[in-house]
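Trainee: Quick one, protein.txt (compact mmCIF, C-alpha atoms and all ligand atoms):
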```txt
# COMPACT_ATOMS: atom_id res chain seq x y z
CA MET Y 1 -50.11 17.73 -0.68
CA ARG Y 2 -51.39 19.13 -3.95
CA ILE Y 3 -49.14 17.75 -6.65
CA ILE Y 4 -49.01 17.87 -10.45
CA LEU Y 5 -47.25 15.17 -12.48
CA LEU Y 6 -46.00 16.74 -15.70
CA GLY Y 7 -44.26 14.97 -18.57
CA PRO Y 8 -44.63 13.78 -22.15
CA PRO Y 9 -46.85 10.85 -23.16
CA GLY Y 10 -45.15 7.69 -21.88
CA ALA Y 11 -42.96 9.47 -19.32
CA GLY Y 12 -44.42 7.30 -16.56
CA LYS Y 13 -46.97 9.66 -14.99
CA GLY Y 14 -49.58 6.96 -14.56
CA THR Y 15 -47.04 4.36 -13.42
CA GLN Y 16 -45.64 6.65 -10.74
CA ALA Y 17 -49.10 7.94 -9.78
CA GLU Y 18 -50.28 4.39 -9.02
CA ARG Y 19 -47.49 4.03 -6.48
CA LEU Y 20 -47.52 7.58 -5.10
CA VAL Y 21 -51.23 7.70 -4.28
CA LYS Y 22 -50.86 4.49 -2.31
CA LYS Y 23 -47.89 5.77 -0.35
CA TYR Y 24 -49.34 9.18 0.43
CA ASN Y 25 -53.02 8.20 0.42
CA LEU Y 26 -54.07 10.82 -2.12
CA PRO Y 27 -56.80 10.74 -4.77
CA HIS Y 28 -55.38 10.19 -8.26
CA ILE Y 29 -56.94 12.61 -10.72
CA SER Y 30 -56.04 11.65 -14.29
CA THR Y 31 -57.97 13.52 -16.97
CA GLY Y 32 -57.05 10.79 -19.48
CA ASP Y 33 -58.57 8.15 -17.16
CA ILE Y 34 -61.69 10.30 -16.67
CA PHE Y 35 -62.18 10.52 -20.44
CA ARG Y 36 -61.53 6.79 -20.99
CA ALA Y 37 -64.10 5.96 -18.31
CA ALA Y 38 -66.61 8.29 -20.00
CA ILE Y 39 -65.98 6.63 -23.37
CA LYS Y 40 -66.51 3.19 -21.83
CA ALA Y 41 -69.75 4.37 -20.21
CA GLY Y 42 -70.93 5.82 -23.55
CA THR Y 43 -71.70 9.27 -22.12
CA GLU Y 44 -71.92 12.52 -24.10
CA LEU Y 45 -68.59 13.63 -22.59
CA GLY Y 46 -67.03 10.38 -23.76
CA LYS Y 47 -68.30 10.89 -27.31
CA GLN Y 48 -66.88 14.41 -27.43
CA ALA Y 49 -63.51 13.43 -25.95
CA LYS Y 50 -63.04 10.35 -28.13
CA GLU Y 51 -62.98 12.42 -31.29
CA TYR Y 52 -59.90 14.30 -30.09
CA MET Y 53 -58.17 11.41 -28.31
CA ASP Y 54 -58.30 9.13 -31.35
CA ARG Y 55 -56.51 11.81 -33.35
CA GLY Y 56 -53.90 12.39 -30.64
CA GLU Y 57 -55.17 15.95 -30.15
CA LEU Y 58 -56.06 17.64 -26.89
CA VAL Y 59 -59.66 17.83 -25.73
CA PRO Y 60 -60.74 21.54 -25.71
CA ASP Y 61 -59.65 23.50 -22.65
CA ASP Y 62 -63.11 24.61 -21.48
CA LEU Y 63 -64.32 21.02 -21.32
CA VAL Y 64 -61.27 19.77 -19.40
CA VAL Y 65 -61.15 22.72 -17.04
CA SER Y 66 -64.79 22.44 -16.00
CA ILE Y 67 -64.35 18.74 -15.22
CA VAL Y 68 -61.24 19.27 -13.10
CA LYS Y 69 -62.74 22.26 -11.30
CA ALA Y 70 -65.75 20.18 -10.32
CA ARG Y 71 -63.52 17.29 -9.27
CA LEU Y 72 -61.45 19.54 -7.00
CA THR Y 73 -64.51 20.50 -4.98
CA GLU Y 74 -65.26 16.88 -4.04
CA PRO Y 75 -64.64 16.11 -0.36
CA ASP Y 76 -61.91 13.51 -0.92
CA THR Y 77 -59.61 16.24 -2.28
CA ALA Y 78 -59.64 18.21 0.98
CA GLY Y 79 -56.42 16.54 2.14
CA GLY Y 80 -54.67 16.99 -1.20
CA TYR Y 81 -54.49 15.18 -4.55
CA LEU Y 82 -52.25 14.08 -7.38
CA LEU Y 83 -53.05 15.54 -10.79
CA ASP Y 84 -51.86 13.38 -13.72
CA GLY Y 85 -52.09 14.79 -17.25
CA PHE Y 86 -53.61 18.09 -16.20
CA PRO Y 87 -52.87 20.90 -16.88
CA ARG Y 88 -51.38 20.51 -20.35
CA THR Y 89 -51.88 23.93 -21.90
CA LYS Y 90 -51.07 27.38 -20.60
CA ALA Y 91 -54.79 28.22 -20.53
CA GLN Y 92 -55.45 25.17 -18.33
CA ALA Y 93 -52.60 26.10 -15.99
CA GLU Y 94 -53.90 29.64 -15.65
CA ALA Y 95 -57.43 28.43 -15.01
CA LEU Y 96 -56.13 26.06 -12.35
CA ASP Y 97 -54.11 28.82 -10.70
CA ALA Y 98 -57.16 31.10 -10.58
CA SER Y 99 -59.31 28.36 -9.15
CA LEU Y 100 -56.76 27.38 -6.48
CA GLN Y 101 -56.32 30.99 -5.51
CA GLU Y 102 -60.06 31.22 -4.95
CA LEU Y 103 -60.01 28.08 -2.84
CA ASN Y 104 -56.89 29.34 -1.06
CA THR Y 105 -55.13 26.01 -1.70
CA PRO Y 106 -51.81 26.64 -3.46
CA LEU Y 107 -49.97 23.84 -5.26
CA THR Y 108 -47.30 22.06 -3.23
CA GLY Y 109 -45.13 21.17 -6.21
CA VAL Y 110 -44.97 20.17 -9.85
CA ILE Y 111 -42.95 17.08 -10.70
CA ASN Y 112 -41.63 17.03 -14.23
CA ILE Y 113 -40.75 13.50 -15.37
CA ASP Y 114 -38.07 14.02 -17.96
CA VAL Y 115 -37.57 11.35 -20.66
CA ALA Y 116 -35.92 11.65 -24.09
CA GLN Y 117 -38.20 11.41 -27.10
CA GLU Y 118 -36.51 8.23 -28.47
CA GLU Y 119 -37.55 6.26 -25.37
CA LEU Y 120 -41.18 7.27 -25.49
CA LEU Y 121 -42.19 5.52 -28.70
CA GLU Y 122 -41.11 2.09 -27.43
CA ARG Y 123 -42.71 2.69 -24.05
CA LEU Y 124 -46.08 3.62 -25.55
CA THR Y 125 -46.32 0.98 -28.25
CA GLY Y 126 -45.40 -1.72 -25.70
CA ARG Y 127 -47.78 -0.52 -23.00
CA ARG Y 128 -50.62 -2.74 -21.79
CA VAL Y 129 -53.38 -1.62 -19.41
CA CYS Y 130 -55.73 -3.68 -17.22
CA ARG Y 131 -59.42 -3.51 -18.15
CA GLY Y 132 -60.34 -4.29 -14.57
CA CYS Y 133 -58.23 -2.06 -12.34
CA GLY Y 134 -56.35 0.20 -14.76
CA ALA Y 135 -52.88 -0.99 -13.72
CA THR Y 136 -50.19 -0.26 -16.29
CA TYR Y 137 -47.66 -2.78 -17.68
CA HIS Y 138 -45.08 -2.93 -20.44
CA ILE Y 139 -44.40 -6.04 -22.50
CA LYS Y 140 -40.64 -5.56 -22.03
CA PHE Y 141 -39.98 -3.08 -19.20
CA ASN Y 142 -42.71 -4.11 -16.76
CA PRO Y 143 -44.37 -7.34 -17.89
CA SER Y 144 -47.20 -9.10 -16.04
CA THR Y 145 -46.37 -12.58 -14.70
CA VAL Y 146 -48.86 -14.26 -17.03
CA ARG Y 147 -49.12 -12.75 -20.51
CA SER Y 148 -52.21 -10.50 -20.95
CA VAL Y 149 -53.39 -11.12 -17.36
CA CYS Y 150 -53.20 -8.47 -14.61
CA ASP Y 151 -51.08 -9.47 -11.58
CA LYS Y 152 -53.22 -7.37 -9.28
CA CYS Y 153 -56.79 -8.36 -10.19
CA GLY Y 154 -56.63 -11.07 -12.87
CA GLY Y 155 -58.22 -8.70 -15.40
CA GLU Y 156 -57.48 -8.75 -19.12
CA LEU Y 157 -54.70 -6.49 -20.42
CA TYR Y 158 -55.37 -4.41 -23.53
CA GLN Y 159 -53.61 -1.86 -25.73
CA ARG Y 160 -54.95 1.70 -25.68
CA ASP Y 161 -56.52 2.89 -28.96
CA ASP Y 162 -54.15 5.88 -29.05
CA ASP Y 163 -50.97 3.79 -28.60
CA THR Y 164 -50.48 3.17 -32.33
CA ILE Y 165 -47.32 4.57 -33.91
CA GLU Y 166 -49.17 7.27 -35.92
CA THR Y 167 -51.20 8.55 -32.98
CA VAL Y 168 -48.21 8.42 -30.64
CA LYS Y 169 -46.22 10.62 -33.04
CA GLN Y 170 -49.05 13.13 -33.12
CA ARG Y 171 -49.36 13.11 -29.30
CA LEU Y 172 -45.63 13.79 -28.94
CA GLU Y 173 -45.87 16.72 -31.34
CA VAL Y 174 -48.86 18.12 -29.47
CA TYR Y 175 -46.90 17.73 -26.23
CA HIS Y 176 -43.96 19.77 -27.54
CA ARG Y 177 -46.19 22.48 -28.91
CA GLN Y 178 -48.75 22.84 -26.13
CA THR Y 179 -47.55 21.23 -22.90
CA GLU Y 180 -43.76 21.58 -22.78
CA PRO Y 181 -44.04 25.37 -22.21
CA LEU Y 182 -45.54 24.56 -18.79
CA ILE Y 183 -42.08 23.52 -17.58
CA ALA Y 184 -40.97 27.16 -17.80
CA TYR Y 185 -44.33 28.33 -16.45
CA TYR Y 186 -43.92 26.39 -13.19
CA GLN Y 187 -40.19 27.03 -13.05
CA GLN Y 188 -41.01 30.73 -12.90
CA GLN Y 189 -43.34 30.04 -9.99
CA GLY Y 190 -40.46 28.29 -8.22
CA ILE Y 191 -42.37 25.04 -7.66
CA LEU Y 192 -40.96 22.83 -10.44
CA HIS Y 193 -38.95 19.74 -9.57
CA SER Y 194 -37.54 17.66 -12.44
CA VAL Y 195 -36.67 13.99 -12.10
CA ASP Y 196 -34.76 11.77 -14.50
CA GLY Y 197 -37.51 9.55 -15.90
CA ALA Y 198 -35.12 7.39 -17.93
CA GLN Y 199 -34.17 5.41 -14.81
CA GLU Y 200 -35.83 2.18 -13.68
CA ILE Y 201 -39.42 2.57 -12.42
CA ASP Y 202 -38.35 2.04 -8.78
CA GLU Y 203 -35.51 4.54 -9.04
CA VAL Y 204 -37.80 7.23 -10.46
CA PHE Y 205 -40.22 6.50 -7.62
CA GLN Y 206 -37.49 6.87 -4.97
CA GLU Y 207 -36.39 10.18 -6.46
CA ILE Y 208 -39.95 11.54 -6.34
CA VAL Y 209 -40.47 10.25 -2.80
CA GLN Y 210 -37.31 11.96 -1.66
CA PHE Y 211 -38.69 15.23 -2.91
CA LEU Y 212 -42.26 14.73 -1.61
CA ASP Y 213 -41.30 13.53 1.85
CA LYS Y 214 -40.41 17.12 2.68
CA PHE Y 215 -44.08 18.08 2.30
CA VAL Y 216 -45.74 15.17 4.03
CA ASN Y 217 -47.72 17.35 6.40
CA SER Y 218 -48.63 20.12 3.97
P1 LIG W 1 -53.37 10.63 -21.05
O1 LIG W 1 -54.06 9.39 -20.70
O2 LIG W 1 -53.03 11.59 -19.98
O3 LIG W 1 -52.08 10.25 -21.87
P2 LIG W 1 -50.63 10.93 -21.98
O4 LIG W 1 -50.41 12.22 -21.32
O5 LIG W 1 -50.37 10.87 -23.41
O6 LIG W 1 -49.74 10.07 -21.12
P3 LIG W 1 -49.73 8.53 -21.06
O7 LIG W 1 -50.82 8.04 -20.18
O8 LIG W 1 -49.68 8.00 -22.45
O9 LIG W 1 -48.29 8.28 -20.41
P4 LIG W 1 -47.84 8.19 -18.88
O10 LIG W 1 -46.87 9.29 -18.64
O11 LIG W 1 -49.00 8.06 -17.98
O12 LIG W 1 -47.01 6.84 -18.96
P5 LIG W 1 -47.26 5.40 -18.27
O13 LIG W 1 -47.00 5.48 -16.82
O14 LIG W 1 -48.53 4.81 -18.74
O15 LIG W 1 -54.21 11.41 -22.14
C1 LIG W 1 -54.75 10.73 -23.25
C2 LIG W 1 -55.52 11.71 -24.13
O16 LIG W 1 -56.61 12.29 -23.37
C3 LIG W 1 -54.73 12.92 -24.64
O17 LIG W 1 -54.03 12.63 -25.81
C4 LIG W 1 -55.85 13.94 -24.84
O18 LIG W 1 -56.53 13.70 -26.02
C5 LIG W 1 -56.79 13.67 -23.69
N1 LIG W 1 -56.45 14.47 -22.49
C6 LIG W 1 -56.07 14.01 -21.26
N2 LIG W 1 -55.82 15.03 -20.42
C7 LIG W 1 -56.06 16.18 -21.11
C8 LIG W 1 -55.97 17.55 -20.80
N3 LIG W 1 -55.57 17.98 -19.59
N4 LIG W 1 -56.28 18.45 -21.78
C9 LIG W 1 -56.68 18.05 -22.98
N5 LIG W 1 -56.80 16.76 -23.36
C10 LIG W 1 -56.48 15.83 -22.43
O19 LIG W 1 -46.01 4.61 -18.91
C11 LIG W 1 -45.95 4.34 -20.32
C12 LIG W 1 -45.32 2.94 -20.54
O20 LIG W 1 -43.95 2.97 -20.14
C13 LIG W 1 -45.98 1.83 -19.71
O21 LIG W 1 -46.00 0.66 -20.47
C14 LIG W 1 -45.04 1.68 -18.50
O22 LIG W 1 -45.04 0.36 -17.99
C15 LIG W 1 -43.69 2.04 -19.09
N6 LIG W 1 -42.80 2.72 -18.14
C16 LIG W 1 -43.14 3.65 -17.20
N7 LIG W 1 -42.07 4.08 -16.51
C17 LIG W 1 -40.99 3.41 -17.04
C18 LIG W 1 -39.59 3.43 -16.76
N8 LIG W 1 -39.07 4.22 -15.78
N9 LIG W 1 -38.79 2.62 -17.49
C19 LIG W 1 -39.31 1.82 -18.48
N10 LIG W 1 -40.64 1.77 -18.78
C20 LIG W 1 -41.47 2.55 -18.07
MG MG W 2 -51.09 8.02 -18.17
ZN ZN W 3 -56.00 -5.27 -12.87
```
Would you mind writing the file's structure down as structure tokens?
Mentor:
Amino acid sequence: MRIILLGPPGAGKGTQAERLVKKYNLPHISTGDIFRAAIKAGTELGKQAKEYMDRGELVPDDLVVSIVKARLTEPDTAGGYLLDGFPRTKAQAEALDASLQELNTPLTGVINIDVAQEELLERLTGRRVCRGCGATYHIKFNPSTVRSVCDKCGGELYQRDDDTIETVKQRLEVYHRQTEPLIAYYQQQGILHSVDGAQEIDEVFQEIVQFLDKFVNS
């Protein structure tokens, strides 16, 4: 399966991806995670990306596209993958289409996680992420058993630099302007499937699974 998770910041892409890649044994390709890892490692890519991320802006298309293209040629993607947070501009979507056409590996489906704007601010400002394994929590909606400690690996939970109110507002605006048009883009291709992301985490997961189970062998 070659799947895209689409949706605004805080929709639950990462949360659902964590569960989906386990169930379907797929590599999880999150461009946001790739950039955060590069920042942590202090690489040139990290320095470039950080400038944009801290402002809540998108990293330039050419940079993102070349990273994803390279990633999609790695052997672990041969059996499929889950893209999280890519593409998020029309130019990225077109570049991905061209590249997949060349590889003769069409997308299986695009899952749009639909959540109203009002919900997203609380989700993002209450999010906590594990420094060790990257697992995602929420202080109210999905708390860890012990405060600030990851249930899965015992790592320390932290708040992302771009989860401040000001940056979140900017990210939501950027989403509406640059990423939301992709809903229509994939609808036109006939591969879009929207799920109601305002439900409980487990309910959203079940809805996605119901859709994906049809493609288990593709
Ligand atoms: P990225 O890391 O992709 O961030 P994002 O798209 O803004 O999305 P988030 O990770 O914030 O949200 P999510 O949907 O994963 O939600 P989560 O599951 O964590 O990108 C960061 C930055 O990198 C961008 O701003 C940009 O600068 C750059 N970048 C990345 N990709 C790029 C690209 N392709 N092009 C250009 N630049 C790029 O959930 C959020 C919270 O809600 C959590 O606390 C969670 O526990 C909680 N939650 C989840 N589901 C539910 C639910 N059903 N009910 C209640 N709470 C829930
Ligand atoms: Mg995420
Ligand atoms: Zn952890």
Trainee: For CA of Leu45 (chain Y) and atom O10 of ligand LIG 1 (chain W), determine how far apart the two atoms are, in Å to one decimal place.
Mentor: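 That distance, rounded to one decimal, is 22.5 Å.
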Trainee: Could you work out how far CA of Pro106 (chain Y) lies from CA of Thr15 (chain Y), giving the answer in Å with one decimal?
Mentor: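 Separating CA of Thr15 (chain Y) from CA of Pro106 (chain Y) is a distance of 24.9 Å.
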Trainee: Using all atoms listed in the file, which residue out of Y:Val65, Y:Cys133, Y:Ile111, Y:Ala184 lies closest to Gln16 (chain Y)?
Mentor: Y:Ile111
Trainee: Can you tell me which residues sit at most 8 Å away from ligand MG 2 (chain W), counting only C-alpha atoms and all ligand atoms, written as a list in words?
Mentor: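 Protein and nucleic-acid residues within 8 Å of ligand MG 2 (chain W): Pro9, Gly10, Gly12, Lys13, Gly14, Thr15, Ser30, Gly32, Asp33, Asp84 and Gly85 of chain Y.
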Trainee: Between Y:Ala37, Y:Leu124, Y:Ala98, Y:Leu192, which one has atoms that come closest to ligand LIG 1 (chain W), using all atoms listed in the file?
Mentor: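 Of Y:Ala37, Y:Leu124, Y:Ala98, Y:Leu192, the one nearest ligand LIG 1 (chain W) is Y:Leu124, counting all atoms listed in the file.
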Trainee: Considering only C-alpha atoms and all ligand atoms, state which residue in the set Y:His28, Y:Lys69, Y:Arg2, Y:Arg171 is at the smallest distance from ligand LIG 1 (chain W).
Mentor: Y:Arg171
Trainee: Could you check which of Y:Val110, Y:Val168, Y:Ile208, Y:Leu103 is closest to ligand LIG 1 (chain W), using all atoms listed in the file?
Mentor: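 That would be Y:Val168, the residue with the smallest distance to ligand LIG 1 (chain W).
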Trainee: Check which residues fall inside 7 Å of ligand ZN 3 (chain W) when counting only C-alpha atoms and all ligand atoms, and print them as an mmCIF file with C-alpha atoms, in the frame of the given file.
Mentor:
```cif
data_model
loop_
_atom_site.group_PDB
_atom_site.id
_atom_site.type_symbol
_atom_site.label_atom_id
_atom_site.label_comp_id
_atom_site.auth_asym_id
_atom_site.auth_seq_id
_atom_site.Cartn_x
_atom_site.Cartn_y
_atom_site.Cartn_z
ATOM 1 C CA CYS Y 130 -55.730 -3.680 -17.220
ATOM 2 C CA ARG Y 131 -59.420 -3.510 -18.150
ATOM 3 C CA GLY Y 132 -60.340 -4.290 -14.570
ATOM 4 C CA CYS Y 133 -58.230 -2.060 -12.340
ATOM 5 C CA GLY Y 134 -56.350 0.200 -14.760
ATOM 6 C CA ALA Y 135 -52.880 -0.990 -13.720
ATOM 7 C CA CYS Y 150 -53.200 -8.470 -14.610
ATOM 8 C CA ASP Y 151 -51.080 -9.470 -11.580
ATOM 9 C CA LYS Y 152 -53.220 -7.370 -9.280
ATOM 10 C CA CYS Y 153 -56.790 -8.360 -10.190
ATOM 11 C CA GLY Y 154 -56.630 -11.070 -12.870
ATOM 12 C CA GLY Y 155 -58.220 -8.700 -15.400
#
```
Trainee: Give the answer as one residue: which of Y:Thr31, Y:Thr179, Y:Asn112, Y:Asn25 has the shortest atom-to-atom distance to ligand LIG 1 (chain W), using only C-alpha atoms and all ligand atoms?
Mentor: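 Comparing Y:Thr31, Y:Thr179, Y:Asn112, Y:Asn25 against ligand LIG 1 (chain W), the winner is Y:Thr31.
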Trainee: Calculate how many Å separate CA of Ala93 (chain Y) from CA of Lys47 (chain Y), rounding to one decimal.
Mentor: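 Pair CA of Ala93 (chain Y) / CA of Lys47 (chain Y) returns 24.6 Å.
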Trainee: So, with all atoms listed in the file as the atoms that count, which of Y:Leu58, Y:Leu172, Y:Leu182, Y:Ala38 lies closest to Glu118 (chain Y)?
Mentor: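 The shortest atom-to-atom distance to Glu118 (chain Y) comes from Y:Leu172.
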Trainee: Excluding Phe215 (chain Y) and any residue of its chain fewer than 4 positions from it, enumerate the residues within 9 Å of it, using all atoms listed in the file, and give them as a PyMOL selection string.
Mentor: chain Y and resi 1+108+211
Trainee: Any chance you could build region 56-71 of chain Y out to N, CA, C and O atoms and write it as a PDB file, in the frame of the given file?
Mentor:
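Once written, out.pdb looks like this:
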```
ATOM      1  N   GLY Y  56     -55.104  11.988 -31.373  1.00  0.00           N
ATOM      2  CA  GLY Y  56     -53.900  12.390 -30.640  1.00  0.00           C
ATOM      3  C   GLY Y  56     -53.878  13.878 -30.336  1.00  0.00           C
ATOM      4  O   GLY Y  56     -52.844  14.446 -30.007  1.00  0.00           O
ATOM      5  N   GLU Y  57     -55.061  14.508 -30.449  1.00  0.00           N
ATOM      6  CA  GLU Y  57     -55.170  15.950 -30.150  1.00  0.00           C
ATOM      7  C   GLU Y  57     -55.664  16.131 -28.721  1.00  0.00           C
ATOM      8  O   GLU Y  57     -56.194  15.207 -28.111  1.00  0.00           O
ATOM      9  N   LEU Y  58     -55.546  17.354 -28.225  1.00  0.00           N
ATOM     10  CA  LEU Y  58     -56.060  17.640 -26.890  1.00  0.00           C
ATOM     11  C   LEU Y  58     -57.556  17.926 -26.939  1.00  0.00           C
ATOM     12  O   LEU Y  58     -58.053  18.539 -27.881  1.00  0.00           O
ATOM     13  N   VAL Y  59     -58.252  17.492 -25.915  1.00  0.00           N
ATOM     14  CA  VAL Y  59     -59.660  17.830 -25.730  1.00  0.00           C
ATOM     15  C   VAL Y  59     -59.703  19.346 -25.410  1.00  0.00           C
ATOM     16  O   VAL Y  59     -58.810  19.846 -24.723  1.00  0.00           O
ATOM     17  N   PRO Y  60     -60.722  20.078 -25.915  1.00  0.00           N
ATOM     18  CA  PRO Y  60     -60.740  21.540 -25.710  1.00  0.00           C
ATOM     19  C   PRO Y  60     -60.653  21.948 -24.231  1.00  0.00           C
ATOM     20  O   PRO Y  60     -61.219  21.291 -23.359  1.00  0.00           O
ATOM     21  N   ASP Y  61     -59.935  23.036 -24.003  1.00  0.00           N
ATOM     22  CA  ASP Y  61     -59.650  23.500 -22.650  1.00  0.00           C
ATOM     23  C   ASP Y  61     -60.905  23.669 -21.780  1.00  0.00           C
ATOM     24  O   ASP Y  61     -60.917  23.244 -20.625  1.00  0.00           O
ATOM     25  N   ASP Y  62     -61.937  24.313 -22.328  1.00  0.00           N
ATOM     26  CA  ASP Y  62     -63.110  24.610 -21.480  1.00  0.00           C
ATOM     27  C   ASP Y  62     -63.727  23.345 -20.919  1.00  0.00           C
ATOM     28  O   ASP Y  62     -64.141  23.289 -19.750  1.00  0.00           O
ATOM     29  N   LEU Y  63     -63.747  22.300 -21.746  1.00  0.00           N
ATOM     30  CA  LEU Y  63     -64.320  21.020 -21.320  1.00  0.00           C
ATOM     31  C   LEU Y  63     -63.490  20.402 -20.190  1.00  0.00           C
ATOM     32  O   LEU Y  63     -64.017  19.998 -19.157  1.00  0.00           O
ATOM     33  N   VAL Y  64     -62.174  20.377 -20.394  1.00  0.00           N
ATOM     34  CA  VAL Y  64     -61.270  19.770 -19.400  1.00  0.00           C
ATOM     35  C   VAL Y  64     -61.296  20.563 -18.099  1.00  0.00           C
ATOM     36  O   VAL Y  64     -61.395  19.995 -17.009  1.00  0.00           O
ATOM     37  N   VAL Y  65     -61.225  21.877 -18.231  1.00  0.00           N
ATOM     38  CA  VAL Y  65     -61.150  22.720 -17.040  1.00  0.00           C
ATOM     39  C   VAL Y  65     -62.403  22.566 -16.178  1.00  0.00           C
ATOM     40  O   VAL Y  65     -62.313  22.446 -14.954  1.00  0.00           O
ATOM     41  N   SER Y  66     -63.570  22.527 -16.815  1.00  0.00           N
ATOM     42  CA  SER Y  66     -64.790  22.440 -16.000  1.00  0.00           C
ATOM     43  C   SER Y  66     -64.845  21.097 -15.266  1.00  0.00           C
ATOM     44  O   SER Y  66     -65.303  21.036 -14.125  1.00  0.00           O
ATOM     45  N   ILE Y  67     -64.352  20.050 -15.884  1.00  0.00           N
ATOM     46  CA  ILE Y  67     -64.350  18.740 -15.220  1.00  0.00           C
ATOM     47  C   ILE Y  67     -63.412  18.733 -14.019  1.00  0.00           C
ATOM     48  O   ILE Y  67     -63.769  18.266 -12.933  1.00  0.00           O
ATOM     49  N   VAL Y  68     -62.218  19.282 -14.201  1.00  0.00           N
ATOM     50  CA  VAL Y  68     -61.240  19.270 -13.100  1.00  0.00           C
ATOM     51  C   VAL Y  68     -61.701  20.187 -11.966  1.00  0.00           C
ATOM     52  O   VAL Y  68     -61.605  19.833 -10.792  1.00  0.00           O
ATOM     53  N   LYS Y  69     -62.242  21.333 -12.332  1.00  0.00           N
ATOM     54  CA  LYS Y  69     -62.740  22.260 -11.300  1.00  0.00           C
ATOM     55  C   LYS Y  69     -63.783  21.561 -10.428  1.00  0.00           C
ATOM     56  O   LYS Y  69     -63.745  21.663  -9.200  1.00  0.00           O
ATOM     57  N   ALA Y  70     -64.702  20.887 -11.062  1.00  0.00           N
ATOM     58  CA  ALA Y  70     -65.750  20.180 -10.320  1.00  0.00           C
ATOM     59  C   ALA Y  70     -65.129  19.090  -9.447  1.00  0.00           C
ATOM     60  O   ALA Y  70     -65.487  18.921  -8.272  1.00  0.00           O
ATOM     61  N   ARG Y  71     -64.160  18.381 -10.006  1.00  0.00           N
ATOM     62  CA  ARG Y  71     -63.520  17.290  -9.270  1.00  0.00           C
ATOM     63  C   ARG Y  71     -62.817  17.805  -8.016  1.00  0.00           C
ATOM     64  O   ARG Y  71     -62.809  17.147  -6.972  1.00  0.00           O
TER      65      ARG Y  71
END
```
